[in-house]
file coords-v6.cif (mmCIF, C-alpha atoms)
data_protein
#
loop_
_atom_site.label_atom_id
_atom_site.label_comp_id
_atom_site.auth_asym_id
_atom_site.auth_seq_id
_atom_site.Cartn_x
_atom_site.Cartn_y
_atom_site.Cartn_z
CA MET A 1 0.00 0.00 0.00
CA ILE A 2 1.02 3.61 -0.40
CA ILE A 3 0.75 5.97 2.55
CA LYS A 4 1.04 9.66 1.74
CA ILE A 5 1.79 12.38 4.25
CA LEU A 6 0.48 15.76 3.10
CA GLY A 7 2.24 18.78 4.55
CA SER A 8 4.78 21.44 3.82
CA GLY A 9 7.43 19.85 6.00
CA CYS A 10 6.57 21.14 9.44
CA LYS A 11 7.38 19.14 12.56
CA LYS A 12 3.90 17.63 12.74
CA CYS A 13 4.25 16.13 9.28
CA VAL A 14 7.52 14.49 10.22
CA ALA A 15 5.93 13.06 13.37
CA LEU A 16 2.94 11.75 11.41
CA GLY A 17 5.28 10.12 8.89
CA GLU A 18 7.16 8.32 11.63
CA ASN A 19 3.95 7.12 13.26
CA ALA A 20 2.69 5.84 9.92
CA LYS A 21 5.88 3.92 9.38
CA ALA A 22 5.65 2.40 12.85
CA ALA A 23 1.99 1.51 12.31
CA ALA A 24 2.70 -0.26 9.04
CA ALA A 25 5.60 -2.15 10.58
CA ALA A 26 3.49 -3.17 13.58
CA ALA A 27 0.73 -4.42 11.29
CA GLY A 28 3.29 -6.31 9.23
CA ARG A 29 2.22 -4.52 6.04
CA GLU A 30 4.41 -3.51 3.14
CA ALA A 31 3.94 0.22 2.95
CA GLU A 32 5.63 2.91 0.95
CA ILE A 33 5.59 6.26 2.77
CA VAL A 34 5.45 9.23 0.41
CA LYS A 35 5.84 12.80 1.60
CA VAL A 36 3.77 15.26 -0.42
CA THR A 37 5.04 18.80 0.10
CA ASP A 38 3.82 20.55 -3.04
CA PHE A 39 0.87 22.82 -2.25
CA ALA A 40 -0.83 22.12 -5.56
CA GLU A 41 -0.72 18.42 -4.89
CA ILE A 42 -1.87 18.79 -1.28
CA ALA A 43 -4.76 20.97 -2.38
CA ALA A 44 -5.72 18.44 -5.03
CA TYR A 45 -6.76 16.14 -2.18
CA GLY A 46 -9.08 18.87 -0.89
CA VAL A 47 -7.14 19.07 2.35
CA MET A 48 -7.19 22.39 4.21
CA SER A 49 -5.44 21.49 7.44
CA THR A 50 -2.08 19.82 7.37
CA PRO A 51 -0.77 17.32 8.10
CA GLY A 52 -3.05 15.08 6.09
CA LEU A 53 -2.87 11.31 5.91
CA VAL A 54 -3.73 9.53 2.68
CA ILE A 55 -3.89 5.74 2.48
CA ASP A 56 -4.14 4.31 -1.03
CA GLU A 57 -5.35 7.66 -2.40
CA LYS A 58 -8.06 8.05 0.24
CA VAL A 59 -7.84 10.95 2.70
CA VAL A 60 -8.31 9.40 6.14
CA SER A 61 -7.28 12.25 8.45
CA THR A 62 -6.46 15.94 8.35
CA GLY A 63 -5.06 18.48 10.75
CA LYS A 64 -3.78 16.12 13.37
CA VAL A 65 -0.90 13.86 14.21
CA LEU A 66 -2.41 10.43 14.67
CA SER A 67 -0.58 7.99 16.91
CA ALA A 68 0.79 4.78 15.45
CA ALA A 69 -2.07 2.87 17.15
CA GLU A 70 -4.70 5.13 15.58
CA ILE A 71 -3.13 4.74 12.16
CA GLY A 72 -3.01 0.98 12.68
CA LYS A 73 -6.80 0.90 12.93
CA LEU A 74 -7.10 2.74 9.62
CA LEU A 75 -4.80 0.45 7.65
CA MET B 1 -11.47 46.68 45.57
CA SER B 2 -14.30 45.00 43.73
CA VAL B 3 -14.61 41.25 43.69
CA PHE B 4 -14.03 41.22 39.96
CA GLY B 5 -10.91 43.33 40.33
CA TRP B 6 -9.59 41.04 43.02
CA LEU B 7 -10.29 37.94 40.94
CA ASN B 8 -8.64 39.55 37.95
CA ASP B 9 -5.53 40.41 39.95
CA GLN B 10 -5.25 37.02 41.60
CA VAL B 11 -6.33 34.68 38.84
CA LEU B 12 -5.32 36.41 35.61
CA ARG B 13 -2.47 38.64 36.72
CA MET B 14 -1.44 36.16 39.43
CA THR B 15 -0.21 38.77 41.87
CA TRP B 16 0.04 36.00 44.48
CA LEU B 17 2.61 34.30 42.29
CA ASN B 18 4.64 37.48 41.99
CA ASP B 19 4.63 37.84 45.80
CA LEU B 20 5.57 34.20 46.18
CA VAL B 21 8.42 34.44 43.69
CA GLY B 22 9.55 37.69 45.36
CA ALA B 23 9.67 35.90 48.71
CA GLY B 24 11.58 33.03 47.11
CA VAL B 25 14.09 35.42 45.57
CA ALA B 26 14.59 37.07 48.95
CA ALA B 27 14.97 33.65 50.60
CA ILE B 28 17.95 32.77 48.41
CA GLY B 29 19.61 36.01 49.47
CA LEU B 30 18.75 38.30 46.56
CA ASP B 31 17.02 41.62 47.15
CA PRO B 32 13.95 41.82 44.85
CA ALA B 33 14.46 45.60 44.78
CA SER B 34 17.97 45.20 43.36
CA ARG B 35 18.64 44.86 39.66
CA LEU B 36 19.66 41.23 39.73
CA GLY B 37 16.95 40.21 42.18
CA GLY B 38 14.33 42.14 40.21
CA SER B 39 15.39 40.49 36.95
CA VAL B 40 15.23 37.04 38.48
CA GLN B 41 11.81 37.76 39.99
CA PHE B 42 10.46 39.12 36.68
CA PHE B 43 11.83 36.13 34.75
CA VAL B 44 10.61 33.38 37.07
CA TYR B 45 7.21 34.99 37.67
CA ASP B 46 6.56 35.69 33.99
CA VAL B 47 7.66 32.28 32.77
CA ILE B 48 5.47 30.45 35.30
CA LYS B 49 2.53 32.75 34.70
CA ILE B 50 2.67 32.49 30.92
CA PHE B 51 2.96 28.71 30.95
CA ILE B 52 0.06 28.28 33.39
CA LEU B 53 -2.13 30.61 31.38
CA LEU B 54 -1.05 29.03 28.11
CA ALA B 55 -1.93 25.53 29.21
CA VAL B 56 -5.34 26.46 30.61
CA LEU B 57 -6.24 28.82 27.79
CA ILE B 58 -5.18 26.58 24.94
CA PHE B 59 -7.14 23.70 26.42
CA VAL B 60 -10.36 25.68 26.72
CA ILE B 61 -9.94 27.51 23.44
CA SER B 62 -9.01 24.40 21.46
CA TYR B 63 -12.17 22.75 22.73
CA VAL B 64 -14.21 25.66 21.39
CA GLN B 65 -12.20 25.71 18.17
CA SER B 66 -12.83 22.04 17.54
CA HIS B 67 -16.35 23.12 16.59
CA PHE B 68 -15.00 25.31 13.80
CA PRO B 69 -12.83 23.28 11.45
CA PRO B 70 -11.89 25.12 8.24
CA GLU B 71 -14.37 23.05 6.21
CA ARG B 72 -17.21 24.33 8.34
CA THR B 73 -15.95 27.92 8.20
CA ARG B 74 -15.75 27.67 4.44
CA ALA B 75 -19.31 26.39 4.26
CA MET B 76 -20.51 29.23 6.50
CA LEU B 77 -18.77 31.81 4.30
CA GLY B 78 -19.84 30.26 0.99
CA GLY B 79 -21.92 32.45 -1.30
CA ARG B 80 -21.45 35.57 0.78
CA SER B 81 -19.76 38.80 -0.15
CA GLY B 82 -19.61 42.40 0.98
CA LEU B 83 -18.80 43.98 4.31
CA GLY B 84 -20.95 41.54 6.27
CA ALA B 85 -19.08 38.59 4.78
CA ASN B 86 -15.73 40.21 5.58
CA THR B 87 -16.81 40.79 9.15
CA LEU B 88 -17.96 37.20 9.52
CA ALA B 89 -14.68 36.00 7.98
CA ALA B 90 -12.66 38.10 10.41
CA LEU B 91 -14.67 36.78 13.37
CA LEU B 92 -14.37 33.17 12.22
CA GLY B 93 -10.67 33.78 11.74
CA THR B 94 -10.32 34.12 15.49
CA LEU B 95 -12.21 30.85 16.06
CA THR B 96 -10.80 28.54 13.42
CA PRO B 97 -7.74 26.65 14.64
CA PHE B 98 -4.77 28.21 12.98
CA CYS B 99 -1.32 26.95 12.27
CA SER B 100 0.95 28.96 10.03
CA CYS B 101 1.87 25.85 8.09
CA SER B 102 -1.83 25.36 7.25
CA SER B 103 -2.53 28.85 5.99
CA ILE B 104 -1.62 28.09 2.38
CA PRO B 105 -3.78 24.94 1.98
CA LEU B 106 -6.53 26.96 3.64
CA PHE B 107 -6.08 29.83 1.19
CA ILE B 108 -6.24 27.36 -1.70
CA GLY B 109 -9.30 25.61 -0.27
CA PHE B 110 -11.20 28.88 0.24
CA THR B 111 -10.29 30.32 -3.14
CA ALA B 112 -11.02 27.11 -5.02
CA ALA B 113 -14.48 27.02 -3.43
CA GLY B 114 -15.15 30.41 -4.98
CA LEU B 115 -14.93 32.60 -1.90
CA PRO B 116 -14.07 36.17 -2.92
CA LEU B 117 -10.48 37.27 -2.24
CA ALA B 118 -11.86 39.97 0.07
CA VAL B 119 -13.40 37.36 2.36
CA THR B 120 -10.41 35.01 2.24
CA PHE B 121 -7.97 37.79 3.12
CA SER B 122 -10.13 39.09 5.96
CA PHE B 123 -9.91 35.59 7.36
CA LEU B 124 -6.18 35.21 6.72
CA ILE B 125 -5.37 38.54 8.39
CA SER B 126 -7.50 38.03 11.48
CA SER B 127 -6.56 34.41 12.05
CA PRO B 128 -3.01 34.95 13.37
CA LEU B 129 -3.63 38.52 14.52
CA VAL B 130 -6.59 38.13 16.84
CA ASP B 131 -5.87 34.91 18.58
CA LEU B 132 -8.17 34.11 21.49
CA ALA B 133 -5.36 33.00 23.79
CA SER B 134 -3.31 36.10 23.12
CA VAL B 135 -6.29 38.31 23.93
CA ILE B 136 -6.65 36.79 27.39
CA LEU B 137 -2.89 37.05 27.94
CA LEU B 138 -3.13 40.73 27.00
CA ALA B 139 -5.82 41.15 29.62
CA SER B 140 -3.58 39.40 32.10
CA ILE B 141 -0.55 41.57 31.41
CA PHE B 142 -2.28 44.89 30.79
CA SER B 143 -6.01 45.17 31.36
CA TRP B 144 -9.34 44.09 29.90
CA PRO B 145 -10.02 47.43 28.15
CA ILE B 146 -6.69 47.17 26.34
CA ALA B 147 -7.32 43.54 25.39
CA LEU B 148 -10.77 44.33 24.04
CA ASP B 149 -9.44 47.30 22.12
CA TYR B 150 -6.80 45.03 20.63
CA VAL B 151 -9.54 42.68 19.43
CA VAL B 152 -11.58 45.49 17.94
CA VAL B 153 -8.71 47.13 16.08
CA GLY B 154 -7.38 43.74 14.95
CA LEU B 155 -10.79 42.91 13.47
CA VAL B 156 -10.95 46.34 11.84
CA VAL B 157 -7.57 45.78 10.16
CA ALA B 158 -8.77 42.37 8.94
CA ILE B 159 -12.12 43.65 7.65
CA LEU B 160 -10.73 46.77 5.99
CA GLY B 161 -7.68 44.96 4.65
CA GLY B 162 -9.85 42.29 3.04
CA THR B 163 -12.24 44.91 1.68
CA ILE B 164 -9.44 46.95 0.10
CA ILE B 165 -7.87 43.88 -1.48
CA GLY B 166 -11.32 42.93 -2.81
CA ARG B 167 -11.91 46.40 -4.26
CA LEU B 168 -8.61 46.34 -6.13
CA GLY B 169 -9.97 43.55 -8.34
CA MET B 170 -7.04 41.20 -8.01
CA GLU B 171 -8.92 37.95 -8.49
CA GLY B 172 -6.58 37.19 -11.40
CA GLN B 173 -3.50 37.51 -9.21
CA VAL B 174 -3.76 33.99 -7.88
CA ALA B 175 -1.58 31.13 -9.12
CA GLU B 176 -3.44 29.30 -11.91
CA PHE B 177 -3.55 25.89 -10.27
CA VAL B 178 -5.53 27.23 -7.32
CA ARG B 179 -8.68 27.66 -9.40
CA THR B 180 -8.59 24.14 -10.75
CA VAL B 181 -8.31 22.37 -7.42
CA PRO B 182 -11.27 20.10 -6.66
CA VAL B 183 -13.35 21.16 -3.68
CA SER B 184 -14.11 18.31 -1.37
CA GLY B 185 -13.86 17.36 2.22
CA GLU B 186 -16.65 17.33 4.71
CA ALA B 187 -15.47 18.06 8.21
CA ALA B 188 -15.58 14.93 10.29
CA THR B 189 -17.82 15.21 13.32
CA MET B 190 -16.13 14.68 16.65
CA THR B 191 -17.39 13.20 19.86
CA ARG B 192 -16.87 15.00 23.15
CA GLY B 193 -14.05 12.61 24.02
CA GLU B 194 -12.35 13.37 20.73
CA ARG B 195 -12.68 17.10 21.35
CA LEU B 196 -11.10 16.75 24.79
CA ALA B 197 -8.29 14.66 23.33
CA TYR B 198 -7.82 17.24 20.59
CA ALA B 199 -7.66 20.06 23.17
CA ARG B 200 -5.11 18.14 25.22
CA ASP B 201 -2.98 17.44 22.14
CA GLN B 202 -3.10 21.12 21.20
CA VAL B 203 -1.77 22.12 24.62
CA VAL B 204 1.15 19.70 24.32
CA GLU B 205 1.86 20.68 20.76
CA ILE B 206 1.64 24.47 21.22
CA VAL B 207 3.61 24.54 24.46
CA HIS B 208 6.21 22.35 22.77
CA ARG B 209 6.37 24.78 19.86
CA VAL B 210 6.38 28.12 21.68
CA TRP B 211 8.47 27.52 24.79
CA PRO B 212 11.75 28.77 23.30
CA TYR B 213 10.02 31.98 22.16
CA VAL B 214 8.52 32.49 25.60
CA LEU B 215 11.88 32.03 27.35
CA ILE B 216 13.66 34.37 24.93
CA GLY B 217 10.84 36.90 25.14
CA VAL B 218 10.74 36.87 28.93
CA GLY B 219 14.56 37.06 29.02
CA ILE B 220 14.56 40.16 26.84
CA GLY B 221 11.66 41.55 28.90
CA ALA B 222 13.52 40.97 32.16
CA ALA B 223 16.63 42.66 30.74
CA ILE B 224 14.63 45.68 29.63
CA HIS B 225 12.71 45.70 32.89
CA ASN B 226 15.75 46.04 35.12
CA TRP B 227 18.84 46.94 33.11
CA VAL B 228 17.89 49.44 30.43
CA PRO B 229 17.30 52.93 31.82
CA ALA B 230 13.85 54.30 31.10
CA ASP B 231 15.23 57.54 29.64
CA VAL B 232 17.20 55.62 26.99
CA ILE B 233 14.09 53.75 25.89
CA SER B 234 11.84 56.76 25.94
CA ALA B 235 14.43 58.76 23.99
CA LEU B 236 14.36 56.06 21.33
CA LEU B 237 10.75 54.89 21.38
CA GLY B 238 8.92 57.33 23.65
CA GLN B 239 5.30 58.12 23.08
CA ASP B 240 6.15 61.63 21.84
CA LYS B 241 8.47 60.31 19.14
CA TRP B 242 6.64 60.10 15.82
CA TRP B 243 9.04 57.47 14.48
CA SER B 244 8.42 55.01 17.29
CA VAL B 245 5.50 53.28 15.55
CA PRO B 246 7.16 52.92 12.10
CA VAL B 247 10.31 51.60 13.78
CA ALA B 248 8.28 49.06 15.79
CA VAL B 249 6.52 47.86 12.65
CA LEU B 250 9.69 47.64 10.55
CA VAL B 251 11.45 45.67 13.27
CA GLY B 252 8.42 43.44 13.81
CA ILE B 253 7.53 42.42 10.25
CA PRO B 254 10.51 40.21 9.40
CA MET B 255 10.51 38.70 12.87
CA TYR B 256 9.01 35.29 13.19
CA ALA B 257 7.97 34.82 16.77
CA ASP B 258 4.95 33.76 18.62
CA ILE B 259 2.71 36.36 20.23
CA PHE B 260 3.36 34.60 23.53
CA GLY B 261 7.03 35.47 23.20
CA THR B 262 6.41 39.10 22.28
CA LEU B 263 4.03 39.83 25.16
CA PRO B 264 6.70 39.92 27.90
CA ILE B 265 8.77 42.31 25.78
CA ALA B 266 5.69 44.46 25.29
CA GLU B 267 5.02 44.41 29.02
CA ALA B 268 8.54 45.58 29.85
CA LEU B 269 8.50 48.28 27.16
CA VAL B 270 5.21 49.76 28.36
CA GLY B 271 6.65 49.77 31.87
CA LYS B 272 9.46 51.96 30.54
CA GLY B 273 7.11 54.53 29.05
CA VAL B 274 6.85 53.29 25.47
CA GLY B 275 3.48 54.18 23.97
CA LEU B 276 0.80 51.50 24.01
CA GLY B 277 0.24 52.06 20.28
CA THR B 278 3.91 51.41 19.57
CA VAL B 279 3.83 48.17 21.52
CA LEU B 280 0.58 46.94 19.95
CA ALA B 281 1.92 47.80 16.49
CA PHE B 282 5.03 45.77 17.25
CA MET B 283 3.03 42.74 18.38
CA MET B 284 0.69 42.94 15.40
CA ALA B 285 3.58 43.26 12.95
CA VAL B 286 5.29 40.22 14.44
CA THR B 287 2.20 38.03 14.33
CA ALA B 288 0.39 39.17 11.17
CA LEU B 289 3.37 39.36 8.83
CA SER B 290 6.53 37.35 8.84
CA LEU B 291 9.08 36.53 6.17
CA PRO B 292 8.49 32.76 6.24
CA SER B 293 4.74 33.15 5.78
CA LEU B 294 5.18 35.70 2.99
CA ILE B 295 7.56 33.36 1.18
CA MET B 296 4.96 30.58 1.43
CA LEU B 297 2.20 32.90 0.25
CA LYS B 298 4.30 33.79 -2.79
CA ARG B 299 3.80 30.26 -4.08
CA VAL B 300 0.05 30.72 -4.45
CA VAL B 301 -0.38 34.41 -5.27
CA LYS B 302 1.36 36.62 -7.79
CA MET B 303 3.69 39.44 -6.82
CA PRO B 304 1.25 42.39 -7.16
CA LEU B 305 -1.22 40.74 -4.79
CA LEU B 306 1.54 39.80 -2.33
CA VAL B 307 2.82 43.39 -2.32
CA THR B 308 -0.72 44.74 -1.91
CA PHE B 309 -1.42 42.37 0.98
CA THR B 310 1.81 43.32 2.76
CA GLY B 311 1.23 47.01 2.09
CA VAL B 312 -2.38 47.03 3.26
CA VAL B 313 -1.61 45.17 6.48
CA THR B 314 1.45 47.33 7.20
CA LEU B 315 -0.55 50.54 6.69
CA GLY B 316 -3.33 49.20 8.90
CA ILE B 317 -0.92 48.38 11.72
CA LEU B 318 0.82 51.75 11.39
CA SER B 319 -2.50 53.60 11.66
CA ILE B 320 -3.52 51.57 14.68
CA GLY B 321 -0.23 52.33 16.42
CA LEU B 322 -0.49 56.05 15.74
CA ILE B 323 -4.15 56.23 16.77
CA PHE B 324 -3.53 54.27 19.97
CA ASN B 325 -0.61 56.47 20.93
CA ALA B 326 -2.75 59.53 20.34
CA ILE B 327 -5.65 58.34 22.48
CA SER B 328 -4.00 55.99 24.97
CA ASN B 329 -4.22 58.58 27.74
CA TRP B 330 -7.81 57.42 27.96
CA PHE B 331 -6.77 53.91 29.03
CA ILE B 332 -3.79 54.26 31.31
#
call {"tool": "encode", "arguments": {"input": "coords-v6.cif", "output": "structure tokens"}}
result
Amino acid sequence: MIIKILGSGCKKCVALGENAKAAAAAAGREAEIVKVTDFAEIAAYGVMSTPGLVIDEKVVSTGKVLSAAEIGKLL
Amino acid sequence: MSVFGWLNDQVLRMTWLNDLVGAGVAAIGLDPASRLGGSVQFFVYDVIKIFILLAVLIFVISYVQSHFPPERTRAMLGGRSGLGANTLAALLGTLTPFCSCSSIPLFIGFTAAGLPLAVTFSFLISSPLVDLASVILLASIFSWPIALDYVVVGLVVAILGGTIIGRLGMEGQVAEFVRTVPVSGEAATMTRGERLAYARDQVVEIVHRVWPYVLIGVGIGAAIHNWVPADVISALLGQDKWWSVPVAVLVGIPMYADIFGTLPIAEALVGKGVGLGTVLAFMMAVTALSLPSLIMLKRVVKMPLLVTFTGVVTLGILSIGLIFNAISNWFI
């Protein structure tokens, strides 16, 4: 699966990326983490609060740093 | 003293804490009336006070703000225009959770949904400028009349700034891709438990983000408070000096700091006889405009609009500073 982190590179986005990686590892899933920093691309997902979390092209969360456990439930 | 006055002094201004810290300073052998002792007292008292207020305020305010995600704000503003819409945008700007790294996606989301530039800019100006937490901190450090005046003038800058930008007909001055972005995204509804968790997370996150600014700000404030002679400051930035407001704005614009860090500096400066207008102009310049946010904004708007935005906000802040200095005898 492909997990995308939407955000311009602020601390929260980095934290969300790490949590996503941990969640995928804990669930034993092959996941590619992609950081999306381009505003045009972020906006194309209709996201207005960063960081946003996109799993397989579906926006599952915006504006908050989910914990690894919370992301695990969404995988 | 009235009950309200007493509560205000004890709870918001925390005079008990100042007395306590003063006693502590004296207990370790420093005279609170001396320069060193006074600096230590100012520093310790201000740091503790700001962090207590920050934690409580951000918790309460984030809970309220969780009812106003940007998607909802956008829906409330949709299809409106004119002065009423600008006013509503400026008011919602104070309520919608704001993070400087989110302002660009927000700008794109609003513009793509067809909101007029006037409305979007009223929102974008008021959002960092009139922050609920900073208003209560202002009341704590100065007084409620000053805090309320700050809100009113901040909203006026946001409303007028948005209106002027709207009147200039710059709808074409937005990067092309912004118009073609799909508009989607319903705000998820939250349960009470989720709101409380969100509020708690905000406290942790904001305190984590602003603590260096607060320490630096209080440090500078403590230095000004006890080491810089009042006549030096008033000679440079005194209320009777016409250049004090422009200087405050020019120094403040490129600075990227949190309002929580600038408040202790403001407090110390006012204590040294700097005009209230000068200090408010400084705080507004620091929070409303900063180089990093302008550089980000450049990616979604064209140069003429960016220059207009900066110019309009700068002029607004300058006028507020000058007006406040002229009439501040009414408050203090």
call {"tool": "residues_around", "arguments": {"input": "coords-v6.cif", "residues": "Val36 in chain A", "least_positions_apart": "3", "cutoff": "7 Å", "atoms": "all atoms listed in the file", "output": "ChimeraX atom specification"}}
result
/A:4-7,42
call {"tool": "write_last_selection", "arguments": {"input": "coords-v6.cif", "atoms": "C-alpha atoms", "output": "short mmCIF file (atom, residue, chain, number, x, y, z; two decimals), in the frame of the given file"}}
result
data_model
loop_
_atom_site.label_atom_id
_atom_site.label_comp_id
_atom_site.auth_asym_id
_atom_site.auth_seq_id
_atom_site.Cartn_x
_atom_site.Cartn_y
_atom_site.Cartn_z
CA LYS A 4 1.04 9.66 1.74
CA ILE A 5 1.79 12.38 4.25
CA LEU A 6 0.48 15.76 3.10
CA GLY A 7 2.24 18.78 4.55
CA ILE A 42 -1.87 18.79 -1.28
#
call {"tool": "closest_atom_pairs", "arguments": {"input": "coords-v6.cif", "of": "chain B", "to": "chain A", "cutoff": "8 Å", "atoms": "only C-alpha atoms", "output": "Markdown table"}}
result
| residue | atom | partner | partner_atom | distance |
| --- | --- | --- | --- | --- |
| B:Pro70 | CA | A:Met48 | CA | 6.8 |
| B:Glu71 | CA | A:Met48 | CA | 7.5 |
| B:Cys101 | CA | A:Cys10 | CA | 6.8 |
| B:Ser102 | CA | A:Ser49 | CA | 5.3 |
| B:Ile104 | CA | A:Phe39 | CA | 7.4 |
| B:Pro105 | CA | A:Met48 | CA | 4.8 |
| B:Leu106 | CA | A:Met48 | CA | 4.7 |
| B:Ile108 | CA | A:Ala43 | CA | 6.6 |
| B:Gly109 | CA | A:Met48 | CA | 5.9 |
| B:Phe177 | CA | A:Ala40 | CA | 6.6 |
| B:Val178 | CA | A:Ala40 | CA | 7.2 |
| B:Val181 | CA | A:Ala44 | CA | 5.3 |
| B:Pro182 | CA | A:Ala44 | CA | 6.0 |
| B:Val183 | CA | A:Gly46 | CA | 5.6 |
| B:Ser184 | CA | A:Gly46 | CA | 5.1 |
| B:Gly185 | CA | A:Gly46 | CA | 5.9 |
call {"tool": "atom_distance", "arguments": {"input": "coords-v6.cif", "atom1": "CA of Tyr256 in chain B", "atom2": "CA of Val64 in chain B"}}
result
26.4 Å
call {"tool": "atom_distance", "arguments": {"input": "coords-v6.cif", "atom1": "CA of Ala288 in chain B", "atom2": "CA of Leu263 in chain B"}}
result
14.5 Å
call {"tool": "resolve_selection", "arguments": {"input": "coords-v6.cif", "expression": "the PyMOL selection byres ((chain A and resi 73) around 12)", "output": "list in words"}}
result
Ala20, Ala23, Ala24, Ala26, Ala27, Ile55, Val60, Leu66, Ser67, Ala68, Ala69, Glu70, Ile71, Gly72, Leu74 and Leu75 of chain A
call {"tool": "resolve_selection", "arguments": {"input": "coords-v6.cif", "expression": "the PyMOL selection byres ((chain B and resi 231-247) around 7)", "output": "tab-separated table (two decimals) with C-alpha atoms, in the coordinates of the input"}}
result
chain	number	residue	atom	x	y	z
B	229	PRO	CA	17.30	52.93	31.82
B	230	ALA	CA	13.85	54.30	31.10
B	248	ALA	CA	8.28	49.06	15.79
B	249	VAL	CA	6.52	47.86	12.65
B	250	LEU	CA	9.69	47.64	10.55
B	251	VAL	CA	11.45	45.67	13.27
B	272	LYS	CA	9.46	51.96	30.54
B	273	GLY	CA	7.11	54.53	29.05
B	274	VAL	CA	6.85	53.29	25.47
B	275	GLY	CA	3.48	54.18	23.97
B	278	THR	CA	3.91	51.41	19.57
B	281	ALA	CA	1.92	47.80	16.49
B	318	LEU	CA	0.82	51.75	11.39
B	321	GLY	CA	-0.23	52.33	16.42
B	322	LEU	CA	-0.49	56.05	15.74
B	325	ASN	CA	-0.61	56.47	20.93
call {"tool": "atom_distance", "arguments": {"input": "coords-v6.cif", "atom1": "CA of Val152 in chain B", "atom2": "CA of Met170 in chain B"}}
result
26.7 Å
call {"tool": "closest_residue", "arguments": {"input": "coords-v6.cif", "among": "B:Ala285, B:Ala199, B:Ile146, B:Ala112", "to": "Glu176 in chain B", "atoms": "all atoms listed in the file"}}
result
B:Ala112
call {"tool": "residues_around", "arguments": {"input": "coords-v6.cif", "residues": "Gly82 in chain B", "least_positions_apart": "4", "cutoff": "12 Å", "atoms": "all atoms listed in the file", "output": "list in words"}}
result
Leu77, Asn86, Thr87, Leu88, Ala89, Leu115, Pro116, Leu117, Ala118, Val119, Thr120, Ser122, Ile159, Leu160, Gly162, Thr163, Ile164, Gly166 and Arg167 of chain B
call {"tool": "closest_residue", "arguments": {"input": "coords-v6.cif", "among": "A:Gly52, A:Ile3, A:Lys35, A:Lys58", "to": "Ala22 in chain A", "atoms": "all atoms listed in the file"}}
result
A:Ile3
call {"tool": "decode", "arguments": {"input": "coords-v6.cif", "residues": "range 285-297 of chain B", "atoms": "N, CA and C atoms", "output": "JSON list (two decimals), in the first residue's frame"}}
result
[["chain", "number", "residue", "atom", "x", "y", "z"],
["B", 285, "ALA", "N", 2.67, 43.46, 14.08],
["B", 285, "ALA", "CA", 3.58, 43.26, 12.95],
["B", 285, "ALA", "C", 4.25, 41.89, 13.05],
["B", 286, "VAL", "N", 4.63, 41.52, 14.26],
["B", 286, "VAL", "CA", 5.29, 40.22, 14.44],
["B", 286, "VAL", "C", 4.35, 39.08, 14.08],
["B", 287, "THR", "N", 3.08, 39.18, 14.52],
["B", 287, "THR", "CA", 2.20, 38.03, 14.33],
["B", 287, "THR", "C", 1.52, 38.00, 12.96],
["B", 288, "ALA", "N", 1.18, 39.18, 12.41],
["B", 288, "ALA", "CA", 0.39, 39.17, 11.17],
["B", 288, "ALA", "C", 1.28, 38.96, 9.95],
["B", 289, "LEU", "N", 2.50, 39.47, 9.99],
["B", 289, "LEU", "CA", 3.37, 39.36, 8.83],
["B", 289, "LEU", "C", 4.70, 38.78, 9.28],
["B", 290, "SER", "N", 5.19, 37.81, 8.55],
["B", 290, "SER", "CA", 6.53, 37.35, 8.84],
["B", 290, "SER", "C", 7.14, 36.87, 7.53],
["B", 291, "LEU", "N", 8.43, 36.92, 7.42],
["B", 291, "LEU", "CA", 9.08, 36.53, 6.17],
["B", 291, "LEU", "C", 8.73, 35.10, 5.75],
["B", 292, "PRO", "N", 8.81, 34.12, 6.68],
["B", 292, "PRO", "CA", 8.49, 32.76, 6.24],
["B", 292, "PRO", "C", 7.09, 32.63, 5.66],
["B", 293, "SER", "N", 6.10, 33.31, 6.29],
["B", 293, "SER", "CA", 4.74, 33.15, 5.78],
["B", 293, "SER", "C", 4.57, 33.88, 4.45],
["B", 294, "LEU", "N", 5.28, 35.00, 4.27],
["B", 294, "LEU", "CA", 5.18, 35.70, 2.99],
["B", 294, "LEU", "C", 5.81, 34.86, 1.87],
["B", 295, "ILE", "N", 6.91, 34.20, 2.19],
["B", 295, "ILE", "CA", 7.56, 33.36, 1.18],
["B", 295, "ILE", "C", 6.63, 32.21, 0.77],
["B", 296, "MET", "N", 5.91, 31.65, 1.75],
["B", 296, "MET", "CA", 4.96, 30.58, 1.43],
["B", 296, "MET", "C", 3.81, 31.12, 0.59],
["B", 297, "LEU", "N", 3.33, 32.30, 0.96],
["B", 297, "LEU", "CA", 2.20, 32.90, 0.25],
["B", 297, "LEU", "C", 2.56, 33.18, -1.20]]
